[in-house]
Every structure is written in C-alpha cells, then in structure tokens.
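K.L.:
File upload_13.cif below, mmCIF, C-alpha atoms:
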data_final
loop_
_atom_site.label_atom_id
_atom_site.label_comp_id
_atom_site.auth_asym_id
_atom_site.auth_seq_id
_atom_site.Cartn_x
_atom_site.Cartn_y
_atom_site.Cartn_z
CA MET X 1 6.55 -48.23 -55.89
CA PHE X 2 8.87 -46.63 -53.37
CA ALA X 3 8.67 -42.96 -52.40
CA ASN X 4 11.59 -40.81 -53.28
CA PRO X 5 13.34 -39.82 -49.99
CA LEU X 6 14.52 -36.62 -51.67
CA ASN X 7 10.91 -35.50 -52.13
CA ARG X 8 10.19 -36.13 -48.46
CA SER X 9 13.19 -34.07 -47.40
CA VAL X 10 12.19 -31.22 -49.68
CA LYS X 11 8.64 -31.28 -48.33
CA GLY X 12 9.95 -31.35 -44.77
CA LEU X 13 12.18 -28.36 -45.50
CA ALA X 14 9.24 -26.46 -46.96
CA GLY X 15 7.18 -27.23 -43.84
CA ALA X 16 9.97 -26.06 -41.58
CA THR X 17 10.31 -22.86 -43.58
CA LYS X 18 6.61 -22.26 -43.19
CA LEU X 19 6.76 -22.72 -39.43
CA ILE X 20 9.40 -20.06 -38.84
CA LYS X 21 7.61 -17.28 -40.70
CA ARG X 22 6.90 -14.30 -38.47
CA GLY X 23 4.09 -11.77 -38.48
CA LYS X 24 4.30 -8.02 -37.98
CA ALA X 25 3.17 -8.45 -34.38
CA ASP X 26 6.32 -10.48 -33.65
CA VAL X 27 8.62 -7.57 -34.51
CA MET X 28 9.21 -4.48 -32.39
CA VAL X 29 11.47 -1.56 -33.26
CA ARG X 30 12.79 0.58 -30.41
CA LYS X 31 12.73 4.06 -31.93
CA THR X 32 15.24 5.62 -29.55
CA MET X 33 18.06 3.21 -30.36
CA GLY X 34 16.75 1.63 -33.57
CA GLN X 35 16.82 -1.85 -32.03
CA VAL X 36 14.84 -4.50 -33.90
CA LEU X 37 13.42 -7.13 -31.56
CA VAL X 38 12.08 -10.35 -33.08
CA GLY X 39 9.97 -12.74 -31.05
CA ARG X 40 10.47 -16.48 -31.02
CA GLY X 41 7.81 -19.11 -30.48
CA THR X 42 4.13 -18.65 -29.87
CA TYR X 43 2.97 -15.63 -27.92
CA GLY X 44 2.86 -16.05 -24.17
CA ARG X 45 4.73 -17.52 -21.26
CA GLN X 46 6.37 -20.38 -23.17
CA SER X 47 8.02 -18.13 -25.74
CA TRP X 48 10.34 -15.14 -26.01
CA ASN X 49 8.94 -11.92 -27.43
CA GLY X 50 12.44 -10.64 -28.19
CA GLN X 51 12.48 -8.19 -25.28
CA THR X 52 14.70 -8.23 -22.21
CA ALA X 53 13.87 -6.12 -19.16
CA THR X 54 15.79 -5.40 -15.97
CA VAL X 55 13.56 -4.68 -12.96
CA PHE X 56 15.37 -3.02 -10.06
CA GLY X 57 13.37 -3.22 -6.83
CA CYS X 58 11.79 -6.48 -7.98
CA SER X 59 11.56 -7.88 -4.45
CA GLY X 60 9.27 -5.08 -3.28
CA PHE X 61 5.50 -4.73 -3.19
CA LEU X 62 5.02 -3.53 -6.77
CA GLY X 63 8.02 -5.43 -8.18
CA ARG X 64 6.48 -8.91 -8.05
CA TYR X 65 3.45 -7.76 -10.04
CA VAL X 66 5.57 -6.07 -12.71
CA VAL X 67 7.85 -9.11 -13.08
CA ALA X 68 4.84 -11.44 -13.28
CA ARG X 69 3.22 -9.41 -16.07
CA LEU X 70 6.44 -9.20 -18.08
CA ALA X 71 7.31 -12.88 -17.68
CA ARG X 72 3.79 -13.97 -18.55
CA GLU X 73 4.08 -12.17 -21.89
CA GLY X 74 7.34 -13.91 -22.80
CA THR X 75 9.74 -11.13 -21.78
CA LYS X 76 13.12 -12.21 -20.46
CA VAL X 77 13.40 -10.54 -17.04
CA ILE X 78 16.60 -9.75 -15.14
CA VAL X 79 15.82 -9.49 -11.41
CA PRO X 80 18.70 -7.84 -9.51
CA TYR X 81 18.64 -8.45 -5.77
CA ARG X 82 20.56 -7.38 -2.69
CA GLY X 83 21.07 -9.83 0.11
CA ILE X 84 20.19 -13.50 -0.35
CA SER X 85 18.58 -15.15 -3.36
CA GLU X 86 15.70 -16.52 -1.25
CA HIS X 87 14.26 -13.00 -1.22
CA ILE X 88 13.40 -13.25 -4.91
CA ARG X 89 13.01 -17.00 -5.52
CA HIS X 90 9.20 -16.61 -5.66
CA LEU X 91 9.69 -14.59 -8.86
CA LYS X 92 11.31 -17.45 -10.80
CA VAL X 93 8.06 -19.35 -11.20
CA THR X 94 6.32 -16.35 -12.78
CA GLY X 95 8.10 -17.08 -16.06
CA ASP X 96 9.18 -20.11 -18.05
CA LEU X 97 12.42 -21.95 -17.28
CA GLY X 98 15.38 -19.61 -17.71
CA MET X 99 13.27 -16.51 -18.44
CA VAL X 100 13.56 -14.96 -14.95
CA ILE X 101 17.26 -14.46 -14.21
CA PRO X 102 18.45 -13.41 -10.71
CA MET X 103 21.60 -11.30 -10.46
CA GLU X 104 23.20 -10.05 -7.28
CA PHE X 105 24.01 -6.34 -7.20
CA ASP X 106 24.72 -3.36 -4.97
CA LEU X 107 23.18 0.01 -5.76
CA ARG X 108 26.53 1.67 -5.02
CA ASN X 109 28.50 -0.58 -7.39
CA PRO X 110 28.45 0.75 -11.00
CA LYS X 111 30.06 -2.39 -12.41
CA GLN X 112 27.34 -4.65 -11.02
CA ILE X 113 24.62 -2.32 -12.31
CA GLU X 114 26.23 -2.38 -15.77
CA GLU X 115 26.21 -6.19 -15.72
CA CYS X 116 22.48 -6.15 -14.93
CA VAL X 117 21.48 -3.80 -17.78
CA ARG X 118 23.92 -4.45 -20.62
CA HIS X 119 21.70 -7.06 -22.34
CA SER X 120 18.39 -5.26 -21.72
CA ASP X 121 16.40 -2.97 -23.95
CA VAL X 122 14.18 -1.83 -21.03
CA VAL X 123 15.17 -0.90 -17.48
CA ILE X 124 12.50 -0.39 -14.81
CA ASN X 125 13.56 1.19 -11.52
CA LEU X 126 11.15 0.58 -8.63
CA ILE X 127 13.63 1.12 -5.80
CA GLY X 128 12.33 3.33 -2.99
CA ARG X 129 11.95 3.52 0.76
CA ASN X 130 9.78 5.38 3.29
CA TYR X 131 12.50 5.32 5.93
CA GLU X 132 16.28 5.40 6.16
CA THR X 133 18.48 2.54 7.35
CA LYS X 134 22.01 2.32 8.67
CA ASN X 135 23.14 1.20 5.21
CA PHE X 136 21.24 3.58 2.93
CA SER X 137 20.10 7.18 3.27
CA PHE X 138 17.30 8.78 1.25
CA GLU X 139 19.88 10.59 -0.88
CA GLN X 140 21.55 7.29 -1.79
CA VAL X 141 18.27 5.48 -2.56
CA HIS X 142 16.21 8.22 -4.23
CA ILE X 143 18.83 10.47 -5.86
CA GLU X 144 22.24 8.87 -6.32
CA GLY X 145 20.94 5.37 -7.08
CA PRO X 146 18.41 6.35 -9.80
CA SER X 147 20.92 8.77 -11.32
CA ARG X 148 23.56 6.03 -11.47
CA ILE X 149 21.11 3.55 -13.02
CA ALA X 150 20.00 6.11 -15.62
CA GLU X 151 23.57 7.06 -16.57
CA ILE X 152 24.77 3.47 -16.87
CA SER X 153 21.64 2.47 -18.81
CA ARG X 154 22.20 5.28 -21.31
CA GLU X 155 25.85 4.35 -21.77
CA ALA X 156 24.93 0.66 -22.18
CA GLY X 157 22.55 1.46 -25.04
CA VAL X 158 19.29 0.75 -23.20
CA SER X 159 16.31 2.01 -25.23
CA ARG X 160 13.75 2.62 -22.49
CA LEU X 161 13.96 3.62 -18.84
CA ILE X 162 10.93 3.72 -16.53
CA HIS X 163 11.38 5.31 -13.12
CA LEU X 164 8.85 5.02 -10.30
CA SER X 165 8.24 8.07 -8.11
CA ASN X 166 5.40 9.33 -5.90
CA ILE X 167 2.42 11.51 -6.73
CA SER X 168 3.27 13.77 -3.78
CA ALA X 169 6.98 14.09 -4.64
CA ARG X 170 7.73 17.82 -4.54
CA SER X 171 10.58 19.95 -3.30
CA ASN X 172 8.38 21.95 -0.89
CA VAL X 173 6.70 19.18 1.13
CA HIS X 174 7.47 18.39 4.76
CA SER X 175 8.94 14.96 4.09
CA GLN X 176 12.54 14.14 3.32
CA ALA X 177 11.42 10.97 1.53
CA LEU X 178 9.26 12.88 -0.95
CA VAL X 179 11.71 15.76 -1.41
CA THR X 180 14.50 13.36 -2.36
CA LYS X 181 12.14 11.55 -4.75
CA ALA X 182 11.45 14.88 -6.49
CA PHE X 183 15.18 15.57 -6.86
CA GLY X 184 15.66 11.99 -8.05
CA GLU X 185 13.22 12.61 -10.91
CA GLN X 186 15.28 15.60 -12.04
CA ARG X 187 18.53 13.63 -11.96
CA VAL X 188 16.99 10.79 -13.97
CA ARG X 189 15.78 13.24 -16.61
CA GLU X 190 19.25 14.78 -16.84
CA GLN X 191 20.97 11.43 -17.30
CA PHE X 192 18.30 9.80 -19.50
CA PRO X 193 16.20 12.46 -21.30
CA GLY X 194 13.75 9.91 -22.75
CA ALA X 195 12.91 8.31 -19.41
CA ASN X 196 9.30 7.77 -18.34
CA ILE X 197 8.39 8.94 -14.85
CA ILE X 198 5.56 7.06 -13.10
CA ARG X 199 4.12 8.94 -10.11
CA SER X 200 1.88 6.58 -8.20
CA ALA X 201 -0.53 7.38 -5.40
CA THR X 202 -0.76 5.16 -2.31
CA MET X 203 -1.06 1.56 -3.51
CA TYR X 204 -3.11 -1.22 -1.97
CA GLY X 205 -3.04 -4.98 -2.50
CA TYR X 206 -2.25 -8.26 -0.77
CA GLU X 207 1.10 -7.09 0.63
CA ASP X 208 0.29 -3.39 1.14
CA GLU X 209 0.83 -1.14 4.15
CA LEU X 210 -2.58 0.51 3.92
CA LEU X 211 -5.30 -2.13 4.29
CA ASN X 212 -3.06 -4.69 6.01
CA ASN X 213 -2.05 -2.18 8.67
CA ILE X 214 -5.72 -1.44 9.35
CA GLY X 215 -6.38 -5.16 9.78
CA ASN X 216 -3.30 -5.84 11.88
CA TYR X 217 -3.87 -2.91 14.24
CA LYS X 218 -7.67 -2.80 14.20
CA HIS X 219 -7.77 -2.81 18.02
CA PHE X 220 -5.37 0.15 18.31
CA TYR X 221 -4.95 2.01 15.01
CA MET X 222 -3.05 5.27 15.48
CA THR X 223 -3.77 8.29 13.28
CA VAL X 224 -2.84 11.96 13.23
CA ASN X 225 -4.96 15.05 12.48
CA LYS X 226 -8.14 13.04 13.14
CA ALA X 227 -7.48 10.87 10.07
CA GLN X 228 -8.28 13.71 7.65
CA GLN X 229 -5.39 12.90 5.32
CA LYS X 230 -6.63 12.82 1.70
CA LEU X 231 -5.71 9.70 -0.26
CA ARG X 232 -6.20 8.45 -3.83
CA PRO X 233 -5.54 4.71 -3.26
CA VAL X 234 -4.79 2.76 -6.42
CA CYS X 235 -4.69 -1.02 -6.88
CA VAL X 236 -1.14 -2.34 -7.32
CA SER X 237 -2.20 -4.49 -10.27
CA ASP X 238 -3.42 -1.36 -12.09
CA VAL X 239 -0.02 0.30 -11.63
CA ALA X 240 1.77 -2.83 -12.89
CA HIS X 241 -0.56 -2.91 -15.89
CA ALA X 242 0.21 0.75 -16.64
CA ILE X 243 3.97 0.17 -16.45
CA ASP X 244 3.60 -2.77 -18.83
CA ILE X 245 1.73 -0.63 -21.39
CA VAL X 246 4.28 2.20 -21.13
CA ARG X 247 7.11 -0.30 -21.58
CA ASP X 248 5.53 -1.74 -24.70
CA SER X 249 4.55 1.53 -26.42
CA GLU X 250 7.13 3.53 -28.34
CA ASP X 251 4.71 6.47 -28.65
CA LEU X 252 4.97 7.20 -24.92
CA VAL X 253 8.74 7.75 -24.71
CA GLY X 254 9.60 10.56 -22.29
CA ASP X 255 6.07 11.02 -20.92
CA THR X 256 5.24 11.48 -17.25
CA PHE X 257 2.27 9.68 -15.69
CA GLU X 258 0.33 10.20 -12.49
CA LEU X 259 -1.62 7.10 -11.47
CA TYR X 260 -4.34 7.63 -8.88
CA ASN X 261 -7.90 6.72 -8.00
CA PRO X 262 -10.44 9.09 -9.58
CA LYS X 263 -12.21 9.24 -6.21
CA GLU X 264 -10.67 11.00 -3.23
CA TYR X 265 -10.96 9.52 0.26
CA THR X 266 -9.94 10.64 3.71
CA ARG X 267 -8.20 8.08 5.88
CA ARG X 268 -11.26 8.19 8.14
CA GLU X 269 -13.47 7.11 5.22
CA ILE X 270 -11.14 4.21 4.45
CA LEU X 271 -11.31 3.15 8.10
CA ASP X 272 -15.12 3.26 7.95
CA LEU X 273 -15.05 1.14 4.79
CA ALA X 274 -12.77 -1.44 6.43
CA GLN X 275 -14.99 -1.48 9.50
CA PHE X 276 -18.03 -2.18 7.31
CA LEU X 277 -16.28 -4.97 5.39
CA LEU X 278 -14.77 -6.66 8.45
CA HIS X 279 -17.97 -6.51 10.57
CA GLU X 280 -15.83 -5.25 13.43
CA LYS X 281 -15.10 -1.90 14.98
CA ILE X 282 -11.75 -0.29 14.13
CA TRP X 283 -10.46 1.35 17.28
CA GLN X 284 -8.92 4.57 16.02
CA VAL X 285 -6.62 6.45 18.38
CA ASN X 286 -5.78 10.01 17.36
CA VAL X 287 -2.27 10.97 18.50
CA PRO X 288 -0.69 14.45 18.28
CA PRO X 289 1.82 14.39 15.40
CA GLN X 290 4.67 15.75 17.54
CA LEU X 291 4.18 13.06 20.17
CA LEU X 292 3.97 10.24 17.61
CA ARG X 293 7.01 11.59 15.80
CA LEU X 294 8.98 11.62 19.07
CA ALA X 295 8.00 8.01 19.78
CA ALA X 296 8.98 7.04 16.23
CA ARG X 297 12.41 8.63 16.71
CA VAL X 298 12.91 6.30 19.66
CA ALA X 299 11.87 3.37 17.45
CA ASP X 300 14.49 4.47 14.91
CA ILE X 301 17.17 3.47 17.40
CA LEU X 302 15.99 -0.13 17.60
CA PRO X 303 17.91 -2.72 15.54
CA TYR X 304 14.81 -3.78 13.55
CA HIS X 305 12.31 -1.60 11.75
CA TYR X 306 9.01 -0.98 13.50
CA THR X 307 8.27 2.57 12.42
CA SER X 308 10.12 5.78 11.66
CA HIS X 309 9.58 9.50 12.11
CA HIS X 310 9.75 9.77 8.31
CA GLU X 311 6.66 7.55 8.07
CA VAL X 312 4.89 9.75 10.61
CA ASP X 313 5.60 12.75 8.36
CA LEU X 314 3.96 10.92 5.44
CA MET X 315 0.76 10.45 7.49
CA SER X 316 0.09 14.19 7.20
CA ILE X 317 0.71 14.60 3.46
CA ASP X 318 -2.16 14.30 0.98
CA ASP X 319 -2.14 12.45 -2.35
CA VAL X 320 -2.61 15.50 -4.57
CA PRO X 321 -2.39 15.17 -8.37
CA SER X 322 -0.79 18.07 -10.20
CA ASN X 323 -2.75 20.37 -12.48
CA ASP X 324 -0.27 20.00 -15.35
CA SER X 325 -2.21 19.09 -18.48
CA SER X 326 0.89 17.52 -20.07
CA ILE X 327 0.99 14.78 -17.42
CA LYS X 328 -0.91 11.65 -18.45
CA THR X 329 -3.11 9.37 -16.36
CA PHE X 330 -4.82 5.98 -16.51
CA ALA X 331 -7.27 7.34 -19.07
CA ASP X 332 -4.46 7.99 -21.57
CA LEU X 333 -3.45 4.33 -21.26
CA GLY X 334 -6.97 3.00 -21.70
CA ILE X 335 -7.08 1.56 -18.17
CA GLN X 336 -10.15 1.70 -15.95
CA PRO X 337 -8.74 1.53 -12.38
CA HIS X 338 -10.35 -0.75 -9.81
CA THR X 339 -12.62 0.87 -7.24
CA LEU X 340 -11.64 0.54 -3.60
CA GLU X 341 -15.16 -0.29 -2.40
CA LEU X 342 -15.47 -3.33 -4.66
CA THR X 343 -11.94 -4.73 -4.33
CA ALA X 344 -10.81 -4.00 -0.76
CA LEU X 345 -12.55 -7.02 0.77
CA GLN X 346 -10.47 -9.60 -1.07
CA TYR X 347 -7.32 -8.12 0.50
CA ILE X 348 -8.56 -7.89 4.12
CA ARG X 349 -11.15 -10.68 4.40
CA HIS X 350 -8.76 -12.80 6.48
CA PHE X 351 -8.95 -10.15 9.23
CA ARG X 352 -12.65 -10.83 9.82
CA PRO X 353 -13.70 -12.32 13.20
CA SER X 354 -14.21 -16.07 13.11
CA GLN X 355 -18.00 -15.80 13.42
CA HIS X 356 -18.10 -13.84 10.17
CA GLU X 357 -15.61 -16.01 8.30
CA GLU X 358 -18.35 -17.73 6.30
CA ASP X 359 -20.16 -14.52 5.41
CA PRO X 360 -20.48 -13.77 1.69
CA MET X 361 -17.48 -12.15 0.04
CA GLU X 362 -19.74 -9.51 -1.47
CA PRO X 363 -21.19 -6.75 0.70
CA LYS X 364 -24.96 -6.72 0.59
CA GLY X 365 -26.20 -4.94 -2.50
CA HIS X 366 -22.85 -5.12 -4.33
CA LYS X 367 -21.60 -7.52 -6.97
CA ALA X 368 -17.94 -7.06 -6.22
CA PHE X 369 -16.50 -10.37 -7.31
CA ARG X 370 -18.65 -11.40 -10.24
CA LYS X 371 -16.15 -12.02 -12.99
CA THR X 372 -16.84 -10.27 -16.27
CA PRO X 373 -15.47 -11.56 -19.58
CA ILE X 374 -12.01 -10.10 -20.25
CA ALA X 375 -10.01 -10.38 -23.45
CA ALA X 376 -7.31 -13.05 -23.18
CA ASP X 377 -4.51 -10.63 -24.01
CA ASN X 378 -5.65 -8.16 -21.33
CA ARG X 379 -6.50 -10.47 -18.43
CA ASP X 380 -5.07 -9.25 -15.15
CA ILE X 381 -3.04 -11.91 -13.36
CA VAL X 382 -4.16 -10.83 -9.90
CA ALA X 383 -7.74 -9.75 -10.50
#
Please render this file's structure as structure tokens.
P.N.:
Amino acid sequence: MFANPLNRSVKGLAGATKLIKRGKADVMVRKTMGQVLVGRGTYGRQSWNGQTATVFGCSGFLGRYVVARLAREGTKVIVPYRGISEHIRHLKVTGDLGMVIPMEFDLRNPKQIEECVRHSDVVINLIGRNYETKNFSFEQVHIEGPSRIAEISREAGVSRLIHLSNISARSNVHSQALVTKAFGEQRVREQFPGANIIRSATMYGYEDELLNNIGNYKHFYMTVNKAQQKLRPVCVSDVAHAIDIVRDSEDLVGDTFELYNPKEYTRREILDLAQFLLHEKIWQVNVPPQLLRLAARVADILPYHYTSHHEVDLMSIDDVPSNDSSIKTFADLGIQPHTLELTALQYIRHFRPSQHEEDPMEPKGHKAFRKTPIAADNRDIVA
C-alpha cells in the first residue's frame, strides 16, 4: 500500500549516477605534461570543459575575441591586466559567472606572472606594441616579457604556450618593432620548446587601425611611397578562431603558423575599396617618408600617443609570407578566411555620409551579408 522509501532512494541514486557519466569528448589529455582534463556540465558557456587558459594582452584588439571564444566554449579564462580593472570589465560578460577572472599584473614582476599562470594548462601571449612608451621599450615588451612568460609557464607546469608575432617579423627589416618581435620568437622557443608561434598579417575588424583610420581620416589620409605597400589583411575573428583550434589540438604542439589573406592588396587598392563602399572620395596625401618620420618624432615628445616614427617605418614594410614549407596556414586548420571585399563594409559603414546611411549594406552585385547555415559548434561569434 505504501511505497518503500528505500526503493525511492536507490532509484534516485541510480539516476544521479547516470547523470554524471562522461563521454570521451568530455576528456582531454595534454600530451606534453600528461594532464587529464575532465569537463563538467553540458558543453558550452554554462559549463566548464576542464581547461583553464591565461590570456596576456587580453585588453587589446585581438584579445577580446580570443577571450570571447574561449569563454563561450566553457573554458575558465584568467585575464591579467595592467592599470585599472575597468579596462577589461567588458570581458567578464563573455563567459558565465566566475569563468572570466581578472588578475592585476606587471610584465616585469615574475611573481605576479607566476600567480596568473600557475593554475592554467594553456597560456596565450598576445602582448605587443607598434610604438614605445616612457614605461616600456620594444625590448621589454617583445623580448624580455615573452621570454619571462615562457620561462615561468614552463616552470609552473603549463602544457601549452601560444605566442603571437607578426608575419613580417625578421631580423633584417627596417623596423625596430618587427626586429624585436623576431628575437622574441627565438627567446620563447628557447624557454618553451613546444610553444606555438602565430604570425599574423595586418588584422582588420571593428576596433582595427586599418579600416577605422581610413574612415577617421578620409578627408586627409597620409600615405608614403604612393600607397604601394603590399598587405594581406586578415579578419581578426579568423585569427581568434585559429588560435582556438591550435589551443585545442594536441597534434599541433610546437608548430608555427602564418595567418594571412590569400589575396594580396596594395594600400591604394584598399583605399579604392573603402571609397567605393563609403560612396565618398578618400583624400589621399602622399608624404615623403623622411618628412613624415620627422613629424612623427615630434609627436613622440607629446604626453599622449598620436603617432610614432616606428609606425611610419611600418607603413613601408610589406606583409610577406615566408616560403618555408614547414610553416602552416589557415588551410592546415580547415579555416576559410573571410574576404576583405565582402566583409569590410560592416566595419566602416558608420563612416558613410548621412545621405547614404540608408543605402543597402551589400554593394550592388554582391551578396556580402547573406547568412549561410553554419554548424552550431563552429559558429563565429562576430560574423
């Protein structure tokens, strides 16, 4: 007549046991350190996939996209910051409550770096600058800092290290920023032999310094060498996607990647494209490099950053991929990069004159923004 409470408790225990069973997809083994990572909860933002990542340089252009991808997949993300916490508060909402953890640090303080990486199995270093400041030189940012992060990460037992560099980083280019990046790659390899090096071409996106500068200075856009600089602009979301795949794949340990647009453009061609999309003339002013560099040196003295002679040097250096067959690209990751012609408008549409504000988003004859079905596990958060 009455149910046995013992039977109910046994059935409840059996149900609970069934709920906590895990599949093979919930387990990851880091080959380098033999770490076994077990996910908890359902896959996605409201769960933990067992992985913890530290993203240095998270407050920068690329950093927010990398953090958003990791947090969306249930990765616990440590976001070290320098300065005030308001600089990275926008990152906290990219993950579930408590999954995006801010930590204050100084690149010159080994103890603070160790505190940021000691619980992580992946460290991603995106720190970089195109100009020097009164606080940090290129050597400190591109060589000493990455070397210190790599050494401390190795000693802390971190399984994976991903270091961002530049596709033009070489020891023989006329740019101190790129030369120090090349030496920084070598130091990272010495301190962490299994590190992945990501060499990215010029990136574009909502917060970039390529398309936004064209829009901001469309009435007086200064160039050098008649805007014949060769570029391979790549969408920032594609680079973030590539870093996410490299982070998640144990078969790619120690590989070097060069991420660039398959099509080569001159800066003049990009200006023509922006002019076509904005329905407004871009007033290009060609300035002798020596004169612009001299003016930029004067700007270096000012208390706030406007431009720098180092950035003028970068205006003359092409995005040139290497011919090394051992270096991998987007194709090796199964990523089809976005094309500039069909994606640039969404980043610069707000620079259109008011009379063209209501014009169609798509250029005539193009279907740029027609959404195509994308698998749920591969949907880009910014596309």
K.L.:
Could you list the residues chosen by the PyMOL selection byres ((chain X and resi 114) around 12) in this structure as a JSON list (two decimals) with C-alpha atoms, in the frame of the given file?
P.N.:
[["chain", "number", "residue", "atom", "x", "y", "z"],
["X", 54, "THR", "CA", 15.79, -5.40, -15.97],
["X", 80, "PRO", "CA", 18.70, -7.84, -9.51],
["X", 103, "MET", "CA", 21.60, -11.30, -10.46],
["X", 104, "GLU", "CA", 23.20, -10.05, -7.28],
["X", 105, "PHE", "CA", 24.01, -6.34, -7.20],
["X", 106, "ASP", "CA", 24.72, -3.36, -4.97],
["X", 107, "LEU", "CA", 23.18, 0.01, -5.76],
["X", 108, "ARG", "CA", 26.53, 1.67, -5.02],
["X", 109, "ASN", "CA", 28.50, -0.58, -7.39],
["X", 110, "PRO", "CA", 28.45, 0.75, -11.00],
["X", 111, "LYS", "CA", 30.06, -2.39, -12.41],
["X", 112, "GLN", "CA", 27.34, -4.65, -11.02],
["X", 113, "ILE", "CA", 24.62, -2.32, -12.31],
["X", 115, "GLU", "CA", 26.21, -6.19, -15.72],
["X", 116, "CYS", "CA", 22.48, -6.15, -14.93],
["X", 117, "VAL", "CA", 21.48, -3.80, -17.78],
["X", 118, "ARG", "CA", 23.92, -4.45, -20.62],
["X", 119, "HIS", "CA", 21.70, -7.06, -22.34],
["X", 120, "SER", "CA", 18.39, -5.26, -21.72],
["X", 123, "VAL", "CA", 15.17, -0.90, -17.48],
["X", 148, "ARG", "CA", 23.56, 6.03, -11.47],
["X", 149, "ILE", "CA", 21.11, 3.55, -13.02],
["X", 150, "ALA", "CA", 20.00, 6.11, -15.62],
["X", 151, "GLU", "CA", 23.57, 7.06, -16.57],
["X", 152, "ILE", "CA", 24.77, 3.47, -16.87],
["X", 153, "SER", "CA", 21.64, 2.47, -18.81],
["X", 154, "ARG", "CA", 22.20, 5.28, -21.31],
["X", 155, "GLU", "CA", 25.85, 4.35, -21.77],
["X", 156, "ALA", "CA", 24.93, 0.66, -22.18],
["X", 157, "GLY", "CA", 22.55, 1.46, -25.04],
["X", 158, "VAL", "CA", 19.29, 0.75, -23.20]]
K.L.:
With all atoms listed in the file as the atoms that count, which of X:Asn225, X:Gln346, X:Thr133, X:Ser85 lies nearest to Tyr306 in chain X?
P.N.:
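Under the stated criterion, the closest residue is X:Thr133.
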K.L.:
Might you spell out which residues the PyMOL selection byres ((chain X and resi 252-261) around 8) would select in the displayed file, as a PyMOL selection string?
P.N.:
chain X and resi 160+167+193-202+232-234+239+246+249-251+262-264+321+326-330+337+339
K.L.:
With distances taken over only C-alpha atoms, which residue among X:Ala71, X:Leu277, X:Val312, X:Leu340 lies nearest Arg293 in chain X?
P.N.:
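Looking only at the distances to Arg293 in chain X, the closest residue turns out to be X:Val312.
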K.L.:
What does the structure give for the distance between CA of Gly63 in chain X and CA of Leu91 in chain X, in Å to one decimal?
P.N.:
9.3 Å
K.L.:
Nearest to Glu139 in chain X: which of X:Ser168, X:Thr180, X:Ser59, X:Thr223 is it, counting all atoms listed in the file?
P.N.:
X:Thr180
